[in-house]
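Colleague: This is the structure, below, for whatever I ask next.
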Amino acid sequence: MTIHSEHDPSGPLDGARVAVTGGTSGLGLALLRELRDRHARVAFVARNRARVDEVARDHPGSFGIVGDVARKDDIYPVALQIVGDLGGLDVLINNASSLGSAPLALLGDTDCEDFELALATNVLGPFRLTKALLGALSASAREGRGGVVLNVSSDAAMNPYPGWGAYGASKAALHHLSRIWNEELSNDGLSVLSLDPGDMDTPLHAIAVPDADPETLKRPETAARELADAIAAALTRRRVGVVERVATLQEAGA
Ligand SMILES: NC(=O)c1ccc[n+]([C@@H]2O[C@H](COP(=O)([O-])OP(=O)(O)OC[C@H]3O[C@@H](n4cnc5c(N)ncnc54)[C@H](OP(=O)(O)O)[C@@H]3O)[C@@H](O)[C@H]2O)c1
């Protein structure tokens, strides 16, 4: 197995099989481009078929998959397409997200259906998709390729911003779920990360904060670079861990 240096920007993701939910806009689209630049093989998921086809056409070699992560019935077909298209999976990025109420609303004015939508998209969807792909990710870890799940979090997961109730509560749940899953899967060679990309100039942010000055916001391309670095570092740690375990077993004569 070749271990690439963490400092080589293209190394650990070179040839990695990566799935990104919400890859047709904002951060997800920037991730698709960043990962392709690092020679990863990328499948992406979004609901709007015309937009999925357009992005796939503009990014030859990528695999566009139409699906709604908030819909239970879409999860297995999406998971099967991901594994079929990529021939396995090394990295899953749960990036697709819903604000719940749009425009944002105080909790007392939030419809239960909007709260349900935020939970279905931001917590249950990532949970179901990760669960459906655990076999493929574990196989990747056993083969020494690493295995990483990145759940895209938010500062609203940590801070009680008025008006961000449904979204903030769902992102807090996703963050805690990620931490628990990381503990549970660590012995299987998998890492589950939960990272906040920062306030970015994207369509989601424009809906949430319509009067924000885009100049004050982070470019999604910058956040994508930072997240790709974090994934690359986690893959490297996992691969080095496998090599060290094999060396220990060999020393012990096992
Ligand atoms: N923008 C920020 O300032 C900010 C700050 C902190 C965290 N974040 C997080 O960063 C991530 C990306 O946000 P963004 O601002 O880039 O959002 P965005 O520009 O609105 O893009 C959302 C993407 O997700 C897809 N999507 C939405 N709901 C989906 C569903 N149910 N199933 C499948 N795909 C779905 C959308 O395509 P379709 O509509 O065609 O499905 C689109 O491709 C999110 O997790 C968000 O919470 C953003």
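All residue names refer to the structure tokens as shown: chains lettered A, B, ... in order, residues numbered from 1 in each chain, ligands numbered from 1 in order.
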Excluding Met158 in chain A and its own-chain neighbours fewer than 2 positions away, which residues fall within 10 Å of it when counting only C-alpha atoms? Please give them as a list in words.
Modeller: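 Near neighbours after the sequence-gap exclusion: Ser153, Ser154, Asp155, Ala156, Pro160, Tyr161, Gly168, Ala169, Lys171, Ala172 and His175 of chain A.
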Colleague: Could the residues in this selection be saved with N, CA and C atoms as a compact mmCIF listing (two decimals), in the first residue's frame?
Modeller:
# COMPACT_ATOMS: atom_id res chain seq x y z
N SER A 153 -21.45 20.37 9.46
CA SER A 153 -22.11 20.96 10.62
C SER A 153 -22.28 22.48 10.41
N SER A 154 -22.47 23.18 11.49
CA SER A 154 -22.71 24.63 11.42
C SER A 154 -22.46 25.22 12.79
N ASP A 155 -22.15 26.54 12.83
CA ASP A 155 -22.02 27.16 14.16
C ASP A 155 -23.39 27.21 14.85
N ALA A 156 -24.48 27.07 14.06
CA ALA A 156 -25.81 27.02 14.66
C ALA A 156 -26.03 25.74 15.46
N PRO A 160 -27.12 29.25 20.31
CA PRO A 160 -28.59 29.34 20.25
C PRO A 160 -29.07 30.60 19.53
N TYR A 161 -28.85 30.69 18.22
CA TYR A 161 -29.26 31.89 17.48
C TYR A 161 -30.79 31.94 17.36
N GLY A 168 -30.87 24.72 13.78
CA GLY A 168 -29.84 24.59 14.82
C GLY A 168 -30.00 23.31 15.61
N ALA A 169 -31.23 22.96 15.96
CA ALA A 169 -31.46 21.73 16.73
C ALA A 169 -31.08 20.51 15.89
N LYS A 171 -28.87 20.40 13.42
CA LYS A 171 -27.41 20.36 13.25
C LYS A 171 -26.72 19.94 14.56
N ALA A 172 -27.29 20.33 15.71
CA ALA A 172 -26.74 19.89 17.00
C ALA A 172 -26.87 18.37 17.12
N HIS A 175 -24.32 16.74 14.89
CA HIS A 175 -22.98 16.85 15.46
C HIS A 175 -22.76 15.78 16.54
Colleague: May I have the residues within 6 Å of range 38-55 of chain A as a list in words, using only C-alpha atoms and disregarding those fewer than 3 positions away in the same chain?
Modeller: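 What passes the distance filter is Ser10, Leu13, Asp14, Gly15, Ala16, Arg17, Val18, Ala19, Val20, Thr21, Gly22, Gly23, Leu35, Asp58, Ser62, Phe63, Gly64, Ile65, Val66, Gly67 and Asp68 of chain A.
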Colleague: If you run DSSP over the backbone, which residues in range 41-131 of chain A end up strand (DSSP E)? Put them as a list in words.
Modeller: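 Residues of range 41-131 of chain A classed as strand (DSSP E): Arg41, Val42, Ala43, Phe44, Val45, Ala46, Phe63, Gly64, Ile65, Val66, Val91, Leu92, Ile93 and Asn94 of chain A.
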Colleague: Mind writing the picked residues with C-alpha atoms as a short mmCIF file (atom, residue, chain, number, x, y, z; two decimals), in the first residue's frame?
Modeller:
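Once everything was written out, this is result.cif:
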data_model
loop_
_atom_site.label_atom_id
_atom_site.label_comp_id
_atom_site.auth_asym_id
_atom_site.auth_seq_id
_atom_site.Cartn_x
_atom_site.Cartn_y
_atom_site.Cartn_z
CA ARG A 41 -13.70 9.83 -8.27
CA VAL A 42 -16.88 11.60 -7.25
CA ALA A 43 -20.59 10.77 -7.19
CA PHE A 44 -23.03 13.48 -6.12
CA VAL A 45 -26.70 13.49 -5.13
CA ALA A 46 -29.39 16.18 -5.45
CA PHE A 63 -21.60 10.54 -11.47
CA GLY A 64 -24.83 12.48 -10.93
CA ILE A 65 -27.53 10.74 -8.89
CA VAL A 66 -31.08 12.06 -8.49
CA VAL A 91 -15.53 8.79 1.73
CA LEU A 92 -19.14 9.90 2.30
CA ILE A 93 -19.89 13.62 2.70
CA ASN A 94 -23.35 14.36 4.11
#
Colleague: Run DSSP on the backbone and give me the residues of range 94-128 of chain A it puts in alpha helix (DSSP H), as a list in words.
Modeller: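 Reading the DSSP output for range 94-128 of chain A, alpha helix (DSSP H) covers Cys112, Glu113, Asp114, Phe115, Glu116, Leu117, Ala118, Leu119, Gly125, Pro126, Phe127 and Arg128 of chain A.
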Colleague: Would you list the contacts of Val242 in chain A as a ChimeraX atom specification, taking every protein, DNA or RNA residue within 9 Å and counting only C-alpha atoms, but skipping same-chain residues closer than 4 positions in sequence?
Modeller: /A:141-142,144,146,189,237-238,246-247
Colleague: Hey, can you check how far atom 22 (C, counted along the ligand's line) of ligand 1 sits from CA of Glu226 in chain A?
Modeller: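 That distance, rounded to one decimal, is 18.2 Å.
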